[in-house]
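J.: My structure file upload.txt, compact mmCIF, C-alpha atoms, is below:
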```txt
# COMPACT_ATOMS: atom_id res chain seq x y z
CA MET A 1047 -58.70 12.96 9.24
CA ALA A 1048 -57.28 13.57 12.71
CA GLU A 1049 -53.56 12.75 12.44
CA PRO A 1050 -51.31 14.03 9.67
CA ILE A 1051 -49.91 11.38 7.38
CA GLY A 1052 -46.77 13.27 6.46
CA ALA A 1053 -47.27 12.92 2.71
CA ALA A 1054 -49.27 14.98 0.25
CA ILE A 1055 -51.95 13.19 -1.76
CA VAL A 1056 -52.73 14.80 -5.09
CA THR A 1057 -55.32 13.58 -7.58
CA ILE A 1058 -54.68 14.37 -11.23
CA ASP A 1059 -56.63 13.06 -14.20
CA GLY A 1060 -58.36 10.43 -12.15
CA CYS A 1061 -55.08 9.20 -10.64
CA VAL A 1062 -54.45 9.48 -6.92
CA THR A 1063 -50.73 10.16 -6.48
CA VAL A 1064 -48.54 10.25 -3.40
CA ALA A 1065 -44.79 10.51 -2.86
CA VAL A 1066 -43.69 8.38 0.09
CA ARG A 1067 -40.93 9.64 2.39
CA ASP A 1068 -38.24 7.64 4.12
CA ASP A 1069 -39.13 8.71 7.62
CA LEU A 1070 -42.62 7.26 7.84
CA ASP A 1071 -43.03 4.78 10.66
CA ASP A 1072 -45.27 1.72 10.43
CA GLN A 1073 -48.26 3.48 11.94
CA ALA A 1074 -47.96 6.38 9.53
CA VAL A 1075 -47.83 3.95 6.63
CA LEU A 1076 -51.08 2.33 7.74
CA ARG A 1077 -52.73 5.74 8.07
CA LEU A 1078 -51.48 6.59 4.57
CA GLN A 1079 -53.11 3.43 3.28
CA ASP A 1080 -56.43 4.49 4.82
CA ARG A 1081 -56.26 7.99 3.34
CA LEU A 1082 -55.32 6.72 -0.10
CA MET A 1083 -58.23 4.31 -0.30
CA GLU A 1084 -60.62 6.95 0.98
CA GLU A 1085 -59.45 9.26 -1.78
CA VAL A 1086 -59.76 6.54 -4.43
CA ALA A 1087 -63.35 5.91 -3.40
CA ARG A 1088 -64.22 9.59 -3.06
CA ARG A 1089 -62.90 10.49 -6.52
CA SER A 1090 -63.83 7.18 -8.22
CA ALA A 1091 -60.22 7.14 -9.27
CA LYS A 1092 -59.01 4.75 -11.95
CA GLY A 1093 -55.43 4.67 -10.74
CA VAL A 1094 -53.11 5.02 -7.75
CA ILE A 1095 -49.53 6.15 -8.32
CA ILE A 1096 -47.11 5.65 -5.44
CA ASP A 1097 -43.78 7.41 -5.91
CA ILE A 1098 -41.06 5.67 -3.88
CA SER A 1099 -38.11 7.62 -5.26
CA GLY A 1100 -37.59 9.01 -1.78
CA LEU A 1101 -37.01 5.57 -0.32
CA GLU A 1102 -33.43 4.37 0.00
CA VAL A 1103 -34.54 1.17 1.64
CA VAL A 1104 -37.59 -0.96 1.03
CA ASP A 1105 -37.87 -3.72 3.60
CA THR A 1106 -40.24 -6.68 3.73
CA PHE A 1107 -42.85 -4.66 5.62
CA ALA A 1108 -42.87 -1.92 3.00
CA GLY A 1109 -42.97 -4.51 0.24
CA ARG A 1110 -45.99 -6.18 1.79
CA MET A 1111 -47.69 -2.82 2.27
CA LEU A 1112 -47.24 -1.98 -1.41
CA GLY A 1113 -48.74 -5.33 -2.36
CA ALA A 1114 -51.62 -4.78 0.03
CA MET A 1115 -52.33 -1.35 -1.42
CA ALA A 1116 -52.34 -2.79 -4.92
CA GLU A 1117 -54.92 -5.37 -3.92
CA MET A 1118 -57.07 -2.85 -2.07
CA SER A 1119 -57.25 -0.48 -4.97
CA ARG A 1120 -57.98 -3.34 -7.32
CA LEU A 1121 -61.03 -4.09 -5.25
CA LEU A 1122 -61.97 -0.45 -5.67
CA ASP A 1123 -61.56 -0.83 -9.43
CA ALA A 1124 -58.39 1.21 -9.61
CA ARG A 1125 -54.92 0.24 -10.75
CA THR A 1126 -51.87 0.76 -8.52
CA ILE A 1127 -48.53 1.52 -10.11
CA VAL A 1128 -45.36 2.04 -8.08
CA VAL A 1129 -42.87 4.45 -9.65
CA GLY A 1130 -39.40 5.78 -9.00
CA MET A 1131 -37.78 2.70 -7.53
CA ARG A 1132 -34.07 3.32 -7.08
CA PRO A 1133 -31.65 0.83 -8.69
CA ALA A 1134 -30.11 0.02 -5.30
CA VAL A 1135 -33.54 -0.74 -3.88
CA ALA A 1136 -34.42 -2.99 -6.83
CA MET A 1137 -31.19 -4.95 -6.39
CA THR A 1138 -31.76 -5.39 -2.66
CA LEU A 1139 -35.32 -6.58 -3.17
CA VAL A 1140 -34.17 -9.11 -5.75
CA ASP A 1141 -31.44 -10.31 -3.38
CA LEU A 1142 -34.10 -10.79 -0.70
CA GLY A 1143 -36.16 -12.78 -3.16
CA MET A 1144 -38.94 -10.21 -3.14
CA THR A 1145 -40.04 -9.92 -6.75
CA LEU A 1146 -43.30 -8.11 -5.88
CA ASP A 1147 -45.09 -9.82 -8.75
CA GLU A 1148 -48.44 -8.55 -7.59
CA VAL A 1149 -47.32 -4.90 -7.88
CA GLU A 1150 -47.13 -3.02 -11.16
CA THR A 1151 -44.20 -0.68 -11.64
CA ALA A 1152 -43.23 2.08 -14.02
CA LEU A 1153 -40.20 4.29 -14.28
CA ASN A 1154 -41.95 7.54 -13.44
CA ALA A 1155 -45.37 9.12 -12.93
CA ASP A 1156 -45.64 10.18 -16.59
CA LYS A 1157 -45.31 6.62 -17.83
CA ALA A 1158 -47.63 5.38 -15.10
CA MET A 1159 -50.35 7.79 -16.11
CA ALA A 1160 -49.93 6.81 -19.75
CA LEU A 1161 -50.39 3.16 -18.79
CA ILE A 1162 -53.50 3.94 -16.76
CA ALA A 1163 -54.96 6.05 -19.54
CA ASP A 1164 -54.38 3.27 -22.07
CA GLU A 1165 -55.98 0.52 -20.11
CA PRO A 1166 -57.87 1.62 -17.03
CA GLY A 1167 -59.69 -0.63 -14.62
CA LEU A 1168 -59.10 -4.12 -13.41
CA ARG A 1169 -55.78 -5.84 -14.02
CA SER A 1170 -55.33 -9.23 -12.39
CA HIS A 1171 -51.79 -10.02 -13.60
CA ARG A 1172 -48.78 -7.78 -13.93
CA ARG A 1173 -47.93 -8.57 -17.53
CA MET B 1110 26.33 -5.04 10.97
CA ARG B 1111 28.02 -1.71 11.23
CA ASP B 1112 29.84 -0.41 8.23
CA GLU B 1113 33.44 0.32 9.15
CA GLY B 1114 33.53 2.63 6.19
CA GLY B 1115 35.04 0.07 3.87
CA LEU B 1116 32.19 0.04 1.41
CA THR B 1117 31.97 3.81 1.40
CA ARG B 1118 35.69 4.13 0.67
CA LEU B 1119 35.41 1.49 -2.02
CA LEU B 1120 32.58 3.25 -3.80
CA THR B 1121 34.29 6.60 -3.56
CA ALA B 1122 37.66 5.39 -4.81
CA SER B 1123 36.53 2.99 -7.53
CA PHE B 1124 33.19 4.41 -8.65
CA ASP B 1125 33.88 4.26 -12.38
CA ASP B 1126 35.42 0.78 -12.18
CA ILE B 1127 32.44 -0.58 -10.28
CA ALA B 1128 29.97 1.10 -12.64
CA THR B 1129 31.68 -0.34 -15.70
CA ARG B 1130 31.99 -3.80 -14.17
CA TRP B 1131 28.33 -3.76 -13.20
CA ILE B 1132 27.19 -2.87 -16.68
CA ASP B 1133 29.43 -5.56 -18.12
CA GLU B 1134 27.93 -8.09 -15.69
CA GLN B 1135 24.43 -7.11 -16.76
CA THR B 1136 25.33 -7.74 -20.35
CA ALA B 1137 27.08 -10.99 -19.47
CA GLU B 1138 23.96 -12.23 -17.69
CA GLY B 1139 21.95 -11.29 -20.73
CA VAL B 1140 19.75 -8.88 -18.86
CA GLY B 1141 20.98 -5.72 -20.53
CA ARG B 1142 17.89 -5.74 -22.79
CA ALA B 1143 19.52 -3.34 -25.22
CA ASP B 1144 16.52 -4.07 -27.42
CA LEU B 1145 14.20 -2.39 -24.93
CA ILE B 1146 16.47 0.05 -23.10
CA PRO B 1147 19.15 1.98 -24.98
CA VAL B 1148 22.64 1.21 -23.66
CA ASP B 1149 23.20 4.86 -22.75
CA GLU B 1150 20.13 4.86 -20.60
CA THR B 1151 21.18 1.70 -18.80
CA ARG B 1152 24.57 3.22 -18.16
CA ALA B 1153 23.01 6.42 -16.83
CA GLN B 1154 20.57 4.51 -14.62
CA SER B 1155 23.29 2.28 -13.18
CA ARG B 1156 25.56 5.24 -12.40
CA GLU B 1157 22.67 7.17 -10.88
CA LEU B 1158 21.84 4.27 -8.60
CA LEU B 1159 25.46 3.86 -7.57
CA SER B 1160 25.72 7.57 -6.71
CA ALA B 1161 22.61 7.33 -4.62
CA LEU B 1162 24.05 4.25 -2.91
CA LEU B 1163 27.30 6.04 -2.16
CA ARG B 1164 25.46 8.92 -0.58
CA ALA B 1165 23.38 6.48 1.44
CA MET B 1166 26.56 4.84 2.73
CA GLU B 1167 28.05 8.24 3.55
CA ALA B 1168 24.89 9.07 5.48
CA GLY B 1169 25.52 5.98 7.59
CA GLY B 1170 22.86 3.76 6.09
CA GLY B 1171 25.11 0.72 6.22
CA ASP B 1172 23.22 -2.51 5.72
CA GLY B 1173 20.20 -1.19 7.57
CA PRO B 1174 16.62 -1.34 6.33
CA MET B 1175 15.74 0.36 3.08
CA ALA B 1176 13.04 2.32 4.86
CA ASP B 1177 15.79 4.25 6.66
CA VAL B 1178 15.94 7.93 5.74
CA ALA B 1179 19.50 7.45 4.50
CA PHE B 1180 18.12 5.39 1.64
CA ASP B 1181 15.43 7.88 0.56
CA GLU B 1182 17.25 8.76 -2.63
CA VAL B 1183 18.08 5.14 -3.39
CA ARG B 1184 14.42 4.19 -3.12
CA ASP B 1185 13.44 7.05 -5.42
CA VAL B 1186 15.95 6.06 -8.06
CA LEU B 1187 14.99 2.37 -7.80
CA ALA B 1188 11.31 3.24 -8.21
CA ARG B 1189 12.01 5.27 -11.30
CA ILE B 1190 14.18 2.59 -12.85
CA ALA B 1191 11.58 -0.08 -12.11
CA GLU B 1192 8.80 1.99 -13.63
CA ALA B 1193 10.77 2.76 -16.78
CA ARG B 1194 11.61 -0.92 -17.23
CA ILE B 1195 8.14 -2.29 -16.57
CA ASP B 1196 6.61 0.07 -19.08
CA ARG B 1197 8.92 -1.31 -21.73
CA GLY B 1198 8.34 -4.97 -20.92
CA VAL B 1199 11.39 -5.98 -18.90
CA THR B 1200 10.65 -9.21 -16.98
CA PRO B 1201 10.89 -9.55 -13.20
CA THR B 1202 13.80 -11.97 -13.58
CA GLU B 1203 15.73 -9.49 -15.68
CA MET B 1204 15.00 -6.79 -13.12
CA ALA B 1205 16.26 -9.00 -10.30
CA TRP B 1206 19.44 -9.83 -12.20
CA PHE B 1207 19.97 -6.15 -12.98
CA MET B 1208 20.30 -5.61 -9.23
CA HIS B 1209 22.15 -8.78 -8.29
CA SER B 1210 24.80 -8.37 -10.96
CA LEU B 1211 26.11 -5.47 -8.89
CA LYS B 1212 27.50 -8.04 -6.44
CA PRO B 1213 30.14 -9.64 -8.66
CA ALA B 1214 31.19 -6.12 -9.70
CA LEU B 1215 31.68 -5.09 -6.07
CA PHE B 1216 33.37 -8.35 -5.09
CA ALA B 1217 35.83 -8.13 -7.99
CA THR B 1218 36.74 -4.61 -7.00
CA ILE B 1219 37.21 -5.61 -3.35
CA ARG B 1220 39.37 -8.53 -4.42
CA SER B 1221 41.61 -6.38 -6.59
CA GLY B 1222 42.20 -4.05 -3.66
CA ASP B 1223 44.90 -4.41 -1.04
CA ALA B 1224 42.84 -4.79 2.11
CA PRO B 1225 43.80 -7.65 4.46
CA ILE B 1226 41.68 -10.79 4.13
CA GLU B 1227 39.59 -10.19 7.26
CA ALA B 1228 38.66 -6.68 6.24
CA ALA B 1229 38.06 -7.78 2.67
CA LEU B 1230 35.66 -10.50 3.83
CA ASP B 1231 33.80 -7.97 6.00
CA GLU B 1232 33.45 -5.70 3.01
CA VAL B 1233 32.20 -8.58 0.87
CA MET B 1234 29.55 -9.51 3.42
CA MET B 1235 28.53 -5.89 3.76
CA ALA B 1236 28.30 -5.39 0.03
CA GLY B 1237 26.27 -8.58 -0.30
CA ARG B 1238 23.73 -7.53 2.28
CA VAL B 1239 23.33 -4.04 0.88
CA VAL B 1240 22.78 -5.26 -2.67
CA ASP B 1241 20.34 -7.91 -1.43
CA ARG B 1242 18.29 -5.28 0.34
CA MET B 1243 18.20 -3.09 -2.72
CA ALA B 1244 17.28 -6.01 -4.92
CA ILE B 1245 14.39 -7.03 -2.66
CA HIS B 1246 13.15 -3.48 -2.53
CA ALA B 1247 13.37 -3.21 -6.31
CA MET B 1248 11.31 -6.37 -6.65
CA ASP B 1249 8.72 -5.05 -4.20
CA SER B 1250 8.33 -1.82 -6.18
CA TYR B 1251 8.23 -3.78 -9.38
CA VAL B 1252 5.46 -6.09 -8.20
CA GLU B 1253 3.50 -3.18 -6.76
CA LYS B 1254 3.62 -1.30 -10.04
CA ARG B 1255 2.65 -4.36 -12.04
CA GLU B 1256 -0.36 -4.85 -9.83
CA THR B 1257 -1.41 -1.25 -10.34
CA VAL B 1258 -1.22 -1.75 -14.10
CA ILE B 1259 -3.21 -4.98 -13.88
CA GLU B 1260 -5.85 -3.33 -11.72
CA ARG B 1261 -6.15 -0.44 -14.13
CA GLN B 1262 -6.44 -2.76 -17.10
CA ARG B 1263 -9.06 -4.81 -15.31
CA ALA B 1264 -11.13 -1.69 -14.67
CA GLU B 1265 -10.77 -0.62 -18.29
CA MET B 1266 -11.74 -4.04 -19.53
CA ASN B 1267 -14.83 -4.02 -17.39
CA GLU B 1268 -15.78 -0.60 -18.69
CA VAL B 1269 -15.38 -1.66 -22.29
CA SER B 1270 -16.93 -5.06 -22.09
CA ALA B 1271 -20.31 -4.10 -20.70
CA PRO B 1272 -21.35 -0.62 -21.82
CA VAL B 1273 -25.06 0.14 -21.78
CA VAL B 1274 -26.10 1.51 -25.14
CA LYS B 1275 -29.26 3.40 -26.00
CA LEU B 1276 -30.54 1.54 -29.03
CA TRP B 1277 -33.63 3.65 -29.59
CA ASP B 1278 -35.86 6.01 -27.73
CA ARG B 1279 -36.94 4.06 -24.64
CA ILE B 1280 -34.80 1.03 -25.54
CA VAL B 1281 -31.41 0.25 -24.04
CA THR B 1282 -29.17 -2.72 -24.57
CA VAL B 1283 -26.11 -4.17 -22.93
CA PRO B 1284 -23.96 -6.56 -25.01
CA LEU B 1285 -22.20 -9.00 -22.70
CA ILE B 1286 -18.86 -10.37 -23.83
CA GLY B 1287 -16.71 -13.04 -22.31
CA THR B 1288 -17.10 -14.68 -18.95
CA LEU B 1289 -19.48 -13.38 -16.36
CA ASP B 1290 -18.25 -13.70 -12.79
CA SER B 1291 -20.21 -12.52 -9.78
CA TRP B 1292 -18.40 -9.20 -9.57
CA ARG B 1293 -18.95 -8.38 -13.24
CA ALA B 1294 -22.54 -9.51 -13.12
CA GLN B 1295 -23.15 -7.14 -10.22
CA THR B 1296 -21.48 -4.26 -12.12
CA VAL B 1297 -23.49 -4.98 -15.25
CA MET B 1298 -26.72 -5.02 -13.27
CA GLU B 1299 -25.92 -1.71 -11.56
CA ASN B 1300 -24.95 -0.04 -14.84
CA LEU B 1301 -28.05 -1.32 -16.58
CA LEU B 1302 -30.43 -0.14 -13.85
CA GLU B 1303 -28.80 3.29 -13.68
CA ALA B 1304 -29.05 3.58 -17.47
CA ILE B 1305 -32.73 2.67 -17.39
CA VAL B 1306 -33.35 5.55 -15.02
CA ALA B 1307 -31.13 7.97 -16.92
CA ARG B 1308 -32.58 7.13 -20.36
CA GLU B 1309 -36.15 6.55 -19.13
CA ALA B 1310 -36.02 3.25 -20.95
CA GLU B 1311 -39.02 0.96 -21.13
CA VAL B 1312 -37.22 -2.05 -22.54
CA ALA B 1313 -33.78 -3.38 -21.64
CA ILE B 1314 -32.20 -5.92 -23.98
CA ILE B 1315 -29.43 -8.07 -22.54
CA ASP B 1316 -27.44 -9.52 -25.43
CA ILE B 1317 -25.60 -12.69 -24.41
CA THR B 1318 -24.38 -13.58 -27.92
CA GLY B 1319 -20.83 -12.95 -26.75
CA VAL B 1320 -21.07 -15.04 -23.60
CA GLY B 1321 -19.31 -18.36 -24.02
CA THR B 1322 -21.02 -20.69 -21.62
CA VAL B 1323 -24.06 -20.26 -19.48
CA ASP B 1324 -23.81 -22.24 -16.28
CA THR B 1325 -26.11 -22.17 -13.28
CA MET B 1326 -24.37 -19.16 -11.79
CA VAL B 1327 -24.62 -17.08 -14.96
CA ALA B 1328 -28.26 -18.08 -15.36
CA GLN B 1329 -28.95 -16.97 -11.77
CA HIS B 1330 -27.29 -13.62 -12.41
CA LEU B 1331 -29.35 -13.09 -15.55
CA LEU B 1332 -32.52 -13.99 -13.67
CA LYS B 1333 -31.70 -11.52 -10.89
CA THR B 1334 -30.98 -8.78 -13.38
CA ALA B 1335 -34.23 -9.43 -15.26
CA ALA B 1336 -36.16 -9.35 -11.98
CA ALA B 1337 -34.55 -6.08 -10.93
CA VAL B 1338 -35.28 -4.51 -14.32
CA ARG B 1339 -38.93 -5.50 -14.02
CA LEU B 1340 -39.14 -4.17 -10.48
CA MET B 1341 -38.08 -0.80 -11.80
CA GLY B 1342 -40.88 -0.79 -14.31
CA ALA B 1343 -39.14 -1.80 -17.52
CA GLU B 1344 -39.30 -4.92 -19.64
CA CYS B 1345 -36.33 -7.22 -19.91
CA VAL B 1346 -35.43 -9.29 -22.95
CA ILE B 1347 -32.49 -11.67 -23.08
CA CYS B 1348 -31.35 -12.24 -26.63
CA GLY B 1349 -28.55 -14.22 -28.16
CA VAL B 1350 -29.83 -17.52 -26.82
CA SER B 1351 -28.23 -20.24 -28.90
CA PRO B 1352 -29.46 -23.87 -29.23
CA LYS B 1353 -26.53 -24.88 -27.03
CA ILE B 1354 -27.49 -22.42 -24.32
CA ALA B 1355 -31.11 -23.51 -24.52
CA GLN B 1356 -30.05 -27.13 -24.01
CA THR B 1357 -27.70 -26.27 -21.15
CA VAL B 1358 -30.31 -24.25 -19.31
CA VAL B 1359 -32.96 -26.97 -19.55
CA HIS B 1360 -30.54 -29.74 -18.61
CA LEU B 1361 -29.36 -27.74 -15.62
CA GLY B 1362 -32.94 -27.50 -14.52
CA VAL B 1363 -32.78 -23.72 -14.26
CA ASP B 1364 -36.20 -22.19 -14.18
CA LEU B 1365 -36.67 -19.14 -16.40
CA PRO B 1366 -40.42 -18.61 -16.07
CA ASN B 1367 -41.11 -14.94 -16.65
CA VAL B 1368 -38.10 -14.18 -18.76
CA VAL B 1369 -38.54 -13.22 -22.39
CA THR B 1370 -35.80 -14.67 -24.56
CA ARG B 1371 -34.94 -14.30 -28.22
CA ILE B 1372 -32.38 -15.86 -30.53
CA ASP B 1373 -30.65 -12.70 -31.67
CA LEU B 1374 -30.61 -8.95 -31.27
CA GLU B 1375 -32.84 -8.48 -34.31
CA SER B 1376 -35.71 -10.45 -32.77
CA GLY B 1377 -35.04 -8.78 -29.44
CA LEU B 1378 -35.35 -5.36 -31.05
CA ASP B 1379 -38.49 -6.42 -32.86
CA TYR B 1380 -40.03 -7.44 -29.55
CA ALA B 1381 -38.95 -4.16 -27.96
CA PHE B 1382 -40.47 -2.07 -30.75
CA ARG B 1383 -43.78 -3.85 -30.37
CA LYS B 1384 -43.69 -3.35 -26.62
CA ILE B 1385 -43.31 0.39 -26.98
CA GLY B 1386 -45.85 0.57 -29.78
CA LEU B 1387 -43.60 1.15 -32.75
CA LYS B 1388 -43.55 -0.46 -36.13
CA VAL B 1389 -40.90 -0.45 -38.83
CA VAL B 1390 -42.46 0.31 -42.20
CA GLU B 1391 -40.98 0.37 -45.68
CA ARG B 1392 -40.74 3.78 -47.18
CA ASP B 1393 -43.09 4.50 -50.03
CA ARG B 1394 -40.49 5.75 -52.51
CA ASP B 1395 -43.01 6.54 -55.29
CA ARG B 1396 -44.96 8.87 -53.03
CA GLU B 1397 -41.75 10.48 -51.80
CA ARG B 1398 -40.63 11.08 -55.38
CA GLN B 1399 -43.97 12.58 -56.37
CA ARG B 1400 -43.97 14.82 -53.35
CA ALA B 1401 -40.47 15.99 -54.18
CA LEU B 1402 -41.51 16.69 -57.81
CA ARG B 1403 -44.54 18.67 -56.68
CA ARG B 1404 -42.41 20.78 -54.39
CA SER B 1405 -39.86 21.71 -57.05
```
Can you give me the file's structure in the form of structure tokens?
T.:
Amino acid sequence: MAEPIGAAIVTIDGCVTVAVRDDLDDQAVLRLQDRLMEEVARRSAKGVIIDISGLEVVDTFAGRMLGAMAEMSRLLDARTIVVGMRPAVAMTLVDLGMTLDEVETALNADKAMALIADEPGLRSHRR
Amino acid sequence: MRDEGGLTRLLTASFDDIATRWIDEQTAEGVGRADLIPVDETRAQSRELLSALLRAMEAGGGDGPMADVAFDEVRDVLARIAEARIDRGVTPTEMAWFMHSLKPALFATIRSGDAPIEAALDEVMMAGRVVDRMAIHAMDSYVEKRETVIERQRAEMNEVSAPVVKLWDRIVTVPLIGTLDSWRAQTVMENLLEAIVAREAEVAIIDITGVGTVDTMVAQHLLKTAAAVRLMGAECVICGVSPKIAQTVVHLGVDLPNVVTRIDLESGLDYAFRKIGLKVVERDRDRERQRALRRS
């Protein structure tokens, strides 16, 4: 746990949550990924909630990272839900043709936790 | 062309004559529009404009550009007259004739004067140019004001025709009416996404009952909106799909794979209720009555 990742990871009710900030560079994002998965394994978490409400821009790299994290946590038997996407970000992603089908989304952390509580564990399709 | 003072003298000496002749000309051309503007008002406006013109001539405006500081008052008066007339439905043609009918009035007055022919012709040319400039400026103001009105109406229409309504807790709907061009589609999408955040909605119903035709472009816009809604974590239902729309979409070869569609708002709402875990149940009126009896 040498370098700081610049984002606080909090685990509540079996859900590992993190709010991502706009100023993370690519390296920091990869370190965040590591830390998140470590935490999921350590706590046998059933869910990962990634809050992107701080992101004004989500580019293709970020999109791929979110997809990757979803797949990783699936392998660890946890469900990843991305929350807090801004309308402008959603429109840009759609314009870029990035529908992020492999990533589950919810409006906020409350709804995400409700989803995870209802149906924990493996989910192979979004809906 | 420098004004030798002829026009100024003319206006000063024969102000009332010119004013009366001008108003008569307006009526003769049929642009008086007494039905829209009371005759007194027209008279007052015409005299006010003439006074402003006289002062502009006295200030040395001549037949120079209307932007000249000498014509400040003239421009003000023209703007006010144009605005008053537009609001009441006077047409551009009538507005143009209102201005141009000043020419015959001025020419007649010059003719009935005793200036030698050369000077009289100079005055006529001068008068012509001045009136032309005023008329063009009046038209410019007129068009500018009309465009402001159109722009405002367009904005209002957009507001009214695609409001996002909260149908139920966690359910929002946007009823689309009329044609859907790219600009409107973008606005609708933005409004819908903002509303989903604001209302914490889990289902968004897009009602296209009021949309006339669905061509490839409209279908693409709907697809984009549905995708954006899903990205934000809500469900999207498109309702109001008619048999005709269904045929069009299939014949166009538009792919609508992950989009939930329903025939009308009722089925759309039914789907939404199920998605959020609600059920509509008939009230048990017997039990309610008994409970009420027990309480009393």
J.: Place a sphere of radius 10 Å on (-38.6, -5.8, -3.0) in the file coordinates and name every protein, DNA or RNA residue with an atom inside or on its surface, counting all atoms listed in the file; give the answer as number ranges by chain.
T.: A: 1103-1110, 1112, 1131, 1135-1147; B: 1336-1337, 1340
J.: Quick check: residues of chain B within 6 Å of chain A, all atoms listed in the file, returned as number ranges by chain.
T.: B: 1302, 1337, 1341-1342
J.: May I have the residues at most 6 Å from (-29.3, -15.2, -33.0) in the file's coordinates, counting all atoms listed in the file, as a list in words?
T.: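 Checked against the point, the hits come out as Gly1349, Ile1372 and Asp1373 of chain B.
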J.: Which residue, B:Leu1301, B:Ala1191, B:Val1199, B:Leu1285, has the smallest gap to B:Asp1144 when you use only C-alpha atoms?
T.: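 Checking each candidate against B:Asp1144, we get B:Val1199 as the closest.
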J.: For a test of reading the model, state the distance in Å between atom CA of A:Ala1065 and atom CA of A:Leu1122, rounded to one decimal.
T.: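 Distance reported for this atom pair: 20.6 Å.
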J.: Nearest to A:Gly1060 among A:Val1086, A:Ile1098, A:Met1118, A:Met1111, with distances taken over all atoms listed in the file: which residue is it?
T.: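 Once distances to A:Gly1060 are computed over all atoms listed in the file, the minimum belongs to A:Val1086.
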J.: Put the listed atoms of stretch 1070-1074 of chain A in a box along x, y and z with 3 Å added on every side and give me the centre and edge lengths in Å to one decimal, as JSON.
T.:
```
{"center_x": -45.4, "center_y": 4.5, "center_z": 9.9, "size_x": 11.6, "size_y": 11.5, "size_z": 10.1}
```
J.: Could you jot down the atom CA of B:Phe1207 to atom CA of B:Ala1168 separation for me, Å, one decimal place?
T.: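 Those two atoms sit 24.4 Å apart.
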J.: Compare B:Phe1216, B:Trp1131, B:Tyr1251, B:Trp1206 by their minimum atom-to-atom distance to B:Ile1190, counting only C-alpha atoms, and give me the closest one.
T.: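 That would be B:Tyr1251, the residue with the smallest distance to B:Ile1190.
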J.: If I only have part of stretch 1372-1376 of chain B, can you fill in all heavy atoms and write it as a tab-separated table (two decimals), in the coordinates of the input?
T.:
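In the end it all went to selection_28.tsv:
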```tsv
chain	number	residue	atom	x	y	z
B	1372	ILE	N	-33.59	-15.25	-29.99
B	1372	ILE	CA	-32.38	-15.86	-30.53
B	1372	ILE	C	-31.29	-14.84	-30.80
B	1372	ILE	O	-30.11	-15.10	-30.58
B	1372	ILE	CB	-32.69	-16.60	-31.84
B	1372	ILE	CG1	-33.68	-17.73	-31.57
B	1372	ILE	CG2	-31.43	-17.15	-32.45
B	1372	ILE	CD1	-34.10	-18.43	-32.83
B	1373	ASP	N	-31.68	-13.68	-31.33
B	1373	ASP	CA	-30.65	-12.70	-31.67
B	1373	ASP	C	-31.15	-11.29	-31.38
B	1373	ASP	O	-32.30	-11.09	-30.98
B	1373	ASP	CB	-30.26	-12.82	-33.15
B	1373	ASP	CG	-31.45	-12.77	-34.08
B	1373	ASP	OD1	-32.50	-12.23	-33.67
B	1373	ASP	OD2	-31.33	-13.28	-35.21
B	1374	LEU	N	-30.28	-10.34	-31.58
B	1374	LEU	CA	-30.61	-8.95	-31.27
B	1374	LEU	C	-31.75	-8.44	-32.14
B	1374	LEU	O	-32.60	-7.66	-31.69
B	1374	LEU	CB	-29.37	-8.07	-31.46
B	1374	LEU	CG	-29.50	-6.61	-31.01
B	1374	LEU	CD1	-29.95	-6.53	-29.56
B	1374	LEU	CD2	-28.17	-5.90	-31.19
B	1375	GLU	N	-31.79	-8.93	-33.39
B	1375	GLU	CA	-32.84	-8.48	-34.31
B	1375	GLU	C	-34.23	-8.81	-33.75
B	1375	GLU	O	-35.11	-7.95	-33.68
B	1375	GLU	CB	-32.64	-9.14	-35.67
B	1375	GLU	CG	-33.58	-8.61	-36.74
B	1375	GLU	CD	-33.37	-9.30	-38.07
B	1375	GLU	OE1	-32.23	-9.75	-38.32
B	1375	GLU	OE2	-34.34	-9.39	-38.84
B	1376	SER	N	-34.39	-10.07	-33.32
B	1376	SER	CA	-35.71	-10.45	-32.77
B	1376	SER	C	-35.96	-9.73	-31.45
B	1376	SER	O	-37.10	-9.39	-31.14
B	1376	SER	CB	-35.82	-11.95	-32.54
B	1376	SER	OG	-34.79	-12.63	-33.15
```
